[in-house]
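Visitor: Sending over run-v2.txt (compact mmCIF, N, CA and C atoms).
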```txt
# COMPACT_ATOMS: atom_id res chain seq x y z
N MET A 6 0.83 -1.19 0.00
CA MET A 6 0.00 0.00 0.00
C MET A 6 0.87 1.26 0.00
N LYS A 7 1.95 1.25 0.80
CA LYS A 7 2.84 2.41 0.85
C LYS A 7 3.51 2.63 -0.49
N LYS A 8 3.91 1.56 -1.15
CA LYS A 8 4.56 1.68 -2.46
C LYS A 8 3.61 2.30 -3.47
N GLN A 9 2.36 1.93 -3.41
CA GLN A 9 1.36 2.47 -4.34
C GLN A 9 1.15 3.97 -4.07
N LEU A 10 1.11 4.32 -2.82
CA LEU A 10 0.92 5.73 -2.45
C LEU A 10 2.12 6.57 -2.90
N ILE A 11 3.31 6.06 -2.68
CA ILE A 11 4.53 6.77 -3.10
C ILE A 11 4.55 6.90 -4.62
N LEU A 12 4.22 5.84 -5.32
CA LEU A 12 4.18 5.87 -6.78
C LEU A 12 3.15 6.89 -7.26
N PHE A 13 1.99 6.89 -6.64
CA PHE A 13 0.95 7.85 -7.00
C PHE A 13 1.44 9.29 -6.79
N LEU A 14 2.07 9.55 -5.65
CA LEU A 14 2.58 10.90 -5.36
C LEU A 14 3.65 11.32 -6.35
N LEU A 15 4.55 10.40 -6.71
CA LEU A 15 5.59 10.72 -7.68
C LEU A 15 4.99 11.05 -9.05
N ILE A 16 4.01 10.28 -9.47
CA ILE A 16 3.35 10.55 -10.75
C ILE A 16 2.62 11.88 -10.69
N PHE A 17 1.93 12.13 -9.61
CA PHE A 17 1.19 13.39 -9.44
C PHE A 17 2.13 14.59 -9.49
N ILE A 18 3.24 14.52 -8.78
CA ILE A 18 4.21 15.62 -8.75
C ILE A 18 4.82 15.82 -10.12
N SER A 19 5.13 14.76 -10.81
CA SER A 19 5.74 14.91 -12.14
C SER A 19 4.76 15.53 -13.11
N PHE A 20 3.47 15.18 -13.06
CA PHE A 20 2.48 15.80 -13.93
C PHE A 20 2.25 17.26 -13.56
N LYS A 21 2.26 17.54 -12.29
CA LYS A 21 2.07 18.92 -11.82
C LYS A 21 3.21 19.80 -12.35
N ASN A 22 4.44 19.34 -12.24
CA ASN A 22 5.59 20.11 -12.72
C ASN A 22 5.63 20.19 -14.24
N PHE A 23 5.09 19.18 -14.91
CA PHE A 23 5.11 19.15 -16.37
C PHE A 23 4.35 20.33 -16.96
N GLY A 24 3.26 20.72 -16.36
CA GLY A 24 2.43 21.78 -16.92
C GLY A 24 2.85 23.19 -16.52
N GLN A 25 3.87 23.33 -15.73
CA GLN A 25 4.26 24.65 -15.22
C GLN A 25 5.33 25.29 -16.08
N ASN A 26 5.04 26.46 -16.58
CA ASN A 26 6.01 27.36 -17.22
C ASN A 26 6.94 26.72 -18.23
N ASN A 27 6.43 25.79 -19.01
CA ASN A 27 7.26 25.23 -20.06
C ASN A 27 7.43 26.22 -21.21
N ASN A 28 6.62 27.23 -21.24
CA ASN A 28 6.68 28.21 -22.31
C ASN A 28 7.42 29.47 -21.89
N CYS A 29 8.25 29.39 -20.90
CA CYS A 29 8.98 30.55 -20.40
C CYS A 29 10.05 30.96 -21.42
N ASP A 30 10.00 32.22 -21.81
CA ASP A 30 10.96 32.76 -22.77
C ASP A 30 11.75 33.86 -22.08
N GLU A 31 12.59 33.47 -21.12
CA GLU A 31 13.35 34.43 -20.33
C GLU A 31 14.56 34.93 -21.13
N ASN A 32 14.68 36.23 -21.22
CA ASN A 32 15.82 36.86 -21.91
C ASN A 32 16.96 36.97 -20.89
N LEU A 33 17.92 36.09 -21.01
CA LEU A 33 19.01 36.05 -20.02
C LEU A 33 19.90 37.29 -20.10
N ARG A 34 19.99 37.91 -21.26
CA ARG A 34 20.75 39.15 -21.40
C ARG A 34 20.09 40.27 -20.59
N PHE A 35 18.75 40.34 -20.67
CA PHE A 35 18.03 41.33 -19.86
C PHE A 35 18.18 41.01 -18.38
N LYS A 36 18.05 39.76 -18.02
CA LYS A 36 18.17 39.35 -16.61
C LYS A 36 19.51 39.81 -16.04
N GLU A 37 20.57 39.56 -16.79
CA GLU A 37 21.91 39.94 -16.33
C GLU A 37 22.00 41.46 -16.16
N ALA A 38 21.49 42.22 -17.11
CA ALA A 38 21.54 43.69 -17.02
C ALA A 38 20.69 44.20 -15.86
N PHE A 39 19.49 43.65 -15.70
CA PHE A 39 18.58 44.09 -14.65
C PHE A 39 19.20 43.88 -13.27
N PHE A 40 19.72 42.69 -13.03
CA PHE A 40 20.31 42.41 -11.72
C PHE A 40 21.64 43.13 -11.52
N TYR A 41 22.35 43.39 -12.59
CA TYR A 41 23.57 44.21 -12.51
C TYR A 41 23.22 45.60 -11.99
N HIS A 42 22.18 46.21 -12.54
CA HIS A 42 21.80 47.56 -12.11
C HIS A 42 21.24 47.57 -10.68
N ILE A 43 20.54 46.54 -10.30
CA ILE A 43 20.08 46.44 -8.91
C ILE A 43 21.29 46.40 -7.98
N LYS A 44 22.30 45.63 -8.35
CA LYS A 44 23.51 45.52 -7.52
C LYS A 44 24.23 46.86 -7.42
N ILE A 45 24.31 47.62 -8.52
CA ILE A 45 24.93 48.95 -8.48
C ILE A 45 24.21 49.84 -7.48
N VAL A 46 22.89 49.86 -7.55
CA VAL A 46 22.11 50.69 -6.62
C VAL A 46 22.33 50.21 -5.19
N GLU A 47 22.22 48.92 -4.98
CA GLU A 47 22.37 48.34 -3.64
C GLU A 47 23.75 48.63 -3.05
N ASN A 48 24.79 48.50 -3.84
CA ASN A 48 26.15 48.68 -3.34
C ASN A 48 26.53 50.15 -3.12
N ASN A 49 25.80 51.06 -3.75
CA ASN A 49 26.20 52.47 -3.68
C ASN A 49 25.18 53.38 -3.00
N ILE A 50 24.07 52.85 -2.56
CA ILE A 50 23.00 53.68 -1.99
C ILE A 50 23.51 54.50 -0.79
N ALA A 51 24.38 53.93 0.01
CA ALA A 51 24.87 54.64 1.19
C ALA A 51 26.25 55.25 0.98
N ILE A 52 26.84 55.03 -0.19
CA ILE A 52 28.20 55.49 -0.44
C ILE A 52 28.25 56.66 -1.41
N SER A 53 27.78 56.42 -2.63
CA SER A 53 27.91 57.42 -3.67
C SER A 53 26.77 57.31 -4.68
N GLN A 54 25.88 58.28 -4.64
CA GLN A 54 24.78 58.29 -5.59
C GLN A 54 25.19 59.18 -6.77
N ASP A 55 26.22 58.73 -7.46
CA ASP A 55 26.81 59.48 -8.57
C ASP A 55 26.09 59.18 -9.88
N GLU A 56 26.71 59.55 -10.98
CA GLU A 56 26.10 59.36 -12.30
C GLU A 56 25.86 57.89 -12.61
N THR A 57 26.79 57.01 -12.24
CA THR A 57 26.62 55.58 -12.48
C THR A 57 25.42 55.06 -11.70
N PHE A 58 25.30 55.48 -10.46
CA PHE A 58 24.16 55.12 -9.62
C PHE A 58 22.86 55.57 -10.27
N ARG A 59 22.81 56.83 -10.70
CA ARG A 59 21.60 57.38 -11.32
C ARG A 59 21.25 56.65 -12.61
N LYS A 60 22.26 56.28 -13.40
CA LYS A 60 21.99 55.52 -14.63
C LYS A 60 21.35 54.18 -14.30
N SER A 61 21.77 53.56 -13.23
CA SER A 61 21.17 52.28 -12.84
C SER A 61 19.73 52.47 -12.38
N VAL A 62 19.47 53.53 -11.63
CA VAL A 62 18.10 53.81 -11.20
C VAL A 62 17.23 54.07 -12.44
N VAL A 63 17.73 54.83 -13.40
CA VAL A 63 16.98 55.12 -14.62
C VAL A 63 16.69 53.82 -15.38
N PHE A 64 17.67 52.95 -15.49
CA PHE A 64 17.47 51.67 -16.17
C PHE A 64 16.32 50.92 -15.51
N ILE A 65 16.37 50.76 -14.20
CA ILE A 65 15.33 50.02 -13.48
C ILE A 65 13.98 50.71 -13.63
N TYR A 66 13.98 52.03 -13.52
CA TYR A 66 12.75 52.83 -13.62
C TYR A 66 12.00 52.57 -14.91
N ASN A 67 12.71 52.27 -15.97
CA ASN A 67 12.07 52.05 -17.26
C ASN A 67 11.43 50.67 -17.39
N TYR A 68 11.53 49.86 -16.37
CA TYR A 68 10.93 48.53 -16.40
C TYR A 68 10.06 48.27 -15.17
N ALA A 69 10.53 48.63 -14.02
CA ALA A 69 9.87 48.28 -12.76
C ALA A 69 9.58 49.55 -11.97
N PRO A 70 8.69 49.47 -10.98
CA PRO A 70 8.34 50.67 -10.21
C PRO A 70 9.49 51.17 -9.34
N VAL A 71 9.77 52.47 -9.45
CA VAL A 71 10.76 53.15 -8.62
C VAL A 71 10.05 54.35 -7.99
N SER A 72 10.19 54.50 -6.70
CA SER A 72 9.53 55.59 -5.97
C SER A 72 10.28 56.91 -6.17
N VAL A 73 10.27 57.41 -7.41
CA VAL A 73 11.04 58.63 -7.71
C VAL A 73 10.52 59.84 -6.96
N GLU A 74 9.25 59.83 -6.58
CA GLU A 74 8.71 60.97 -5.82
C GLU A 74 9.44 61.14 -4.49
N ASN A 75 10.01 60.07 -3.96
CA ASN A 75 10.75 60.14 -2.70
C ASN A 75 12.19 60.63 -2.89
N ILE A 76 12.65 60.68 -4.14
CA ILE A 76 13.98 61.21 -4.42
C ILE A 76 13.93 62.74 -4.50
N MET A 77 12.73 63.28 -4.59
CA MET A 77 12.56 64.73 -4.70
C MET A 77 12.73 65.39 -3.32
N ASN A 78 13.79 65.04 -2.62
CA ASN A 78 14.08 65.64 -1.33
C ASN A 78 15.13 66.73 -1.51
N TYR A 79 15.50 67.38 -0.45
CA TYR A 79 16.42 68.51 -0.55
C TYR A 79 17.77 68.14 -1.14
N SER A 80 18.20 66.91 -0.94
CA SER A 80 19.52 66.51 -1.46
C SER A 80 19.44 65.67 -2.73
N ARG A 81 18.22 65.40 -3.19
CA ARG A 81 18.00 64.60 -4.39
C ARG A 81 18.65 63.21 -4.29
N THR A 82 18.55 62.62 -3.12
CA THR A 82 19.10 61.30 -2.90
C THR A 82 17.98 60.27 -2.73
N TYR A 83 18.31 59.05 -2.97
CA TYR A 83 17.38 57.93 -2.87
C TYR A 83 17.47 57.39 -1.44
N PRO A 84 16.44 57.61 -0.61
CA PRO A 84 16.50 57.13 0.78
C PRO A 84 16.62 55.61 0.85
N ILE A 85 17.45 55.13 1.77
CA ILE A 85 17.71 53.70 1.91
C ILE A 85 16.43 52.91 2.21
N GLY A 86 15.59 53.43 3.09
CA GLY A 86 14.34 52.73 3.42
C GLY A 86 13.43 52.58 2.22
N VAL A 87 13.37 53.61 1.40
CA VAL A 87 12.55 53.57 0.18
C VAL A 87 13.15 52.55 -0.79
N PHE A 88 14.47 52.56 -0.93
CA PHE A 88 15.15 51.59 -1.79
C PHE A 88 14.81 50.16 -1.38
N LYS A 89 14.87 49.86 -0.10
CA LYS A 89 14.61 48.49 0.36
C LYS A 89 13.20 48.03 -0.02
N LYS A 90 12.23 48.93 0.10
CA LYS A 90 10.86 48.60 -0.30
C LYS A 90 10.76 48.46 -1.81
N ASP A 91 11.42 49.35 -2.54
CA ASP A 91 11.40 49.27 -4.00
C ASP A 91 12.06 48.00 -4.50
N LYS A 92 13.14 47.58 -3.87
CA LYS A 92 13.85 46.38 -4.32
C LYS A 92 12.93 45.17 -4.26
N ILE A 93 12.12 45.08 -3.23
CA ILE A 93 11.15 43.99 -3.13
C ILE A 93 10.20 44.04 -4.33
N LYS A 94 9.76 45.23 -4.69
CA LYS A 94 8.86 45.39 -5.85
C LYS A 94 9.58 45.01 -7.14
N TRP A 95 10.86 45.37 -7.27
CA TRP A 95 11.62 45.04 -8.48
C TRP A 95 11.74 43.54 -8.66
N LEU A 96 12.07 42.87 -7.57
CA LEU A 96 12.24 41.42 -7.64
C LEU A 96 10.90 40.74 -7.97
N ARG A 97 9.82 41.23 -7.37
CA ARG A 97 8.49 40.70 -7.67
C ARG A 97 8.13 40.96 -9.14
N TRP A 98 8.43 42.19 -9.61
CA TRP A 98 8.15 42.54 -11.00
C TRP A 98 8.90 41.58 -11.93
N TYR A 99 10.18 41.33 -11.63
CA TYR A 99 10.96 40.45 -12.49
C TYR A 99 10.36 39.05 -12.51
N GLU A 100 10.01 38.52 -11.36
CA GLU A 100 9.43 37.17 -11.30
C GLU A 100 8.13 37.11 -12.10
N ASP A 101 7.32 38.16 -12.02
CA ASP A 101 6.04 38.18 -12.74
C ASP A 101 6.22 38.33 -14.25
N ASN A 102 7.34 38.91 -14.69
CA ASN A 102 7.50 39.23 -16.11
C ASN A 102 8.64 38.50 -16.82
N LYS A 103 9.42 37.73 -16.13
CA LYS A 103 10.64 37.15 -16.70
C LYS A 103 10.39 36.26 -17.91
N CYS A 104 9.23 35.66 -18.00
CA CYS A 104 8.95 34.75 -19.11
C CYS A 104 8.40 35.47 -20.34
N GLU A 105 8.41 36.79 -20.32
CA GLU A 105 7.86 37.57 -21.42
C GLU A 105 8.91 38.01 -22.42
N ASN A 106 10.09 37.43 -22.37
CA ASN A 106 11.18 37.80 -23.28
C ASN A 106 11.40 39.32 -23.27
N ILE A 107 11.64 39.87 -22.11
CA ILE A 107 11.81 41.31 -21.93
C ILE A 107 13.02 41.78 -22.73
N GLN A 108 12.83 42.81 -23.51
CA GLN A 108 13.90 43.34 -24.35
C GLN A 108 14.52 44.58 -23.70
N ILE A 109 15.82 44.74 -23.91
CA ILE A 109 16.52 45.93 -23.43
C ILE A 109 16.17 47.07 -24.36
N LYS A 110 15.71 48.15 -23.79
CA LYS A 110 15.30 49.32 -24.58
C LYS A 110 16.52 50.05 -25.13
N THR A 111 16.30 50.75 -26.23
CA THR A 111 17.39 51.54 -26.82
C THR A 111 17.36 52.98 -26.32
N THR A 112 16.21 53.45 -25.85
CA THR A 112 16.11 54.78 -25.25
C THR A 112 15.35 54.66 -23.94
N TYR A 113 15.66 55.57 -23.02
CA TYR A 113 15.07 55.51 -21.70
C TYR A 113 14.42 56.83 -21.32
N VAL A 114 13.33 56.72 -20.59
CA VAL A 114 12.69 57.89 -20.00
C VAL A 114 13.47 58.21 -18.73
N ILE A 115 13.86 59.47 -18.58
CA ILE A 115 14.58 59.91 -17.38
C ILE A 115 13.58 60.55 -16.44
N PRO A 116 13.49 60.08 -15.21
CA PRO A 116 12.55 60.68 -14.26
C PRO A 116 12.87 62.15 -14.05
N GLU A 117 11.84 62.93 -13.78
CA GLU A 117 11.99 64.38 -13.63
C GLU A 117 13.06 64.76 -12.62
N VAL A 118 13.14 64.03 -11.52
CA VAL A 118 14.12 64.36 -10.48
C VAL A 118 15.55 64.31 -11.03
N TYR A 119 15.82 63.38 -11.91
CA TYR A 119 17.16 63.28 -12.48
C TYR A 119 17.34 64.24 -13.66
N GLN A 120 16.28 64.66 -14.28
CA GLN A 120 16.36 65.69 -15.32
C GLN A 120 16.83 66.99 -14.68
N LEU A 121 16.34 67.26 -13.50
CA LEU A 121 16.73 68.49 -12.79
C LEU A 121 18.21 68.47 -12.46
N ILE A 122 18.74 67.31 -12.08
CA ILE A 122 20.17 67.19 -11.76
C ILE A 122 20.99 67.44 -13.02
N ASN A 123 20.56 66.86 -14.13
CA ASN A 123 21.29 67.05 -15.40
C ASN A 123 21.24 68.50 -15.86
N ASP A 124 20.13 69.19 -15.60
CA ASP A 124 20.01 70.60 -15.99
C ASP A 124 20.93 71.50 -15.18
N GLN A 125 21.25 71.08 -13.94
CA GLN A 125 22.09 71.90 -13.07
C GLN A 125 23.57 71.76 -13.44
N ASN A 126 23.93 70.68 -14.13
CA ASN A 126 25.35 70.46 -14.49
C ASN A 126 25.74 71.21 -15.72
```
Transcribe the structure of this file into structure tokens.
Guide:
Amino acid sequence: MKKQLILFLLIFISFKNFGQNNNCDENLRFKEAFFYHIKIVENNIAISQDETFRKSVVFIYNYAPVSVENIMNYSRTYPIGVFKKDKIKWLRWYEDNKCENIQIKTTYVIPEVYQLINDQN
């Protein structure tokens, strides 16, 4: 009886996994770029929010939600607490969309807060 139950469970699990996400068309080039930019933001949020940092935020902003309204502070910096909440949203966004063959864009929308920084330079 135990052997039959184990066999039944193995067959059930294999059929369950068979129907899941076999049509996933994940763009590994996009995945690498997306997580690269997340790492840049994560590694520099408390150190240097320079041009490289801003480019990474802009990259992510063009695909996933970024709380740019919170960057509109007196120093035009990305608060760490806001980043931590946004990162959760980015990872969720990626998981929800990874099988859609996401393409890397050739042009990017720059959030207003960073347009103001570029205008001052």
Visitor: Please measure the separation of atom CA of A:Lys36 and atom N of A:Asn102, giving the value in Å to one decimal.
Guide: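 Rounded to one decimal, the two atoms are 11.0 Å apart.
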Visitor: In Å, with one decimal, what is the gap from atom C of A:Glu56 to atom N of A:Lys89?
Guide: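 For atom C of A:Glu56 relative to atom N of A:Lys89, the distance reads 18.5 Å.
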Visitor: For A:Gln108, which of A:Lys92, A:Phe35, A:Tyr66, A:Asn27 is the closest residue, counting all atoms listed in the file?
Guide: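 Distance minimum relative to A:Gln108 lands on A:Phe35.
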Visitor: Check the smallest atom-to-atom distance from each of A:Tyr119, A:Phe88, A:Tyr41, A:Tyr83 to A:Ser53 using only C-alpha atoms, then report the winner.
Guide: A:Tyr83
Visitor: Between A:Cys104, A:Cys29, A:Pro84, A:Tyr79, which is the closest to A:Ile50 once you count only C-alpha atoms?
Guide: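 Of all the options, A:Pro84 lies closest to A:Ile50.
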Visitor: Could you work out how far atom N of A:Asn28 lies from atom N of A:Asn67, giving the answer in Å with one decimal?
Guide: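 Between atom N of A:Asn67 and atom N of A:Asn28 the gap works out to 26.3 Å.
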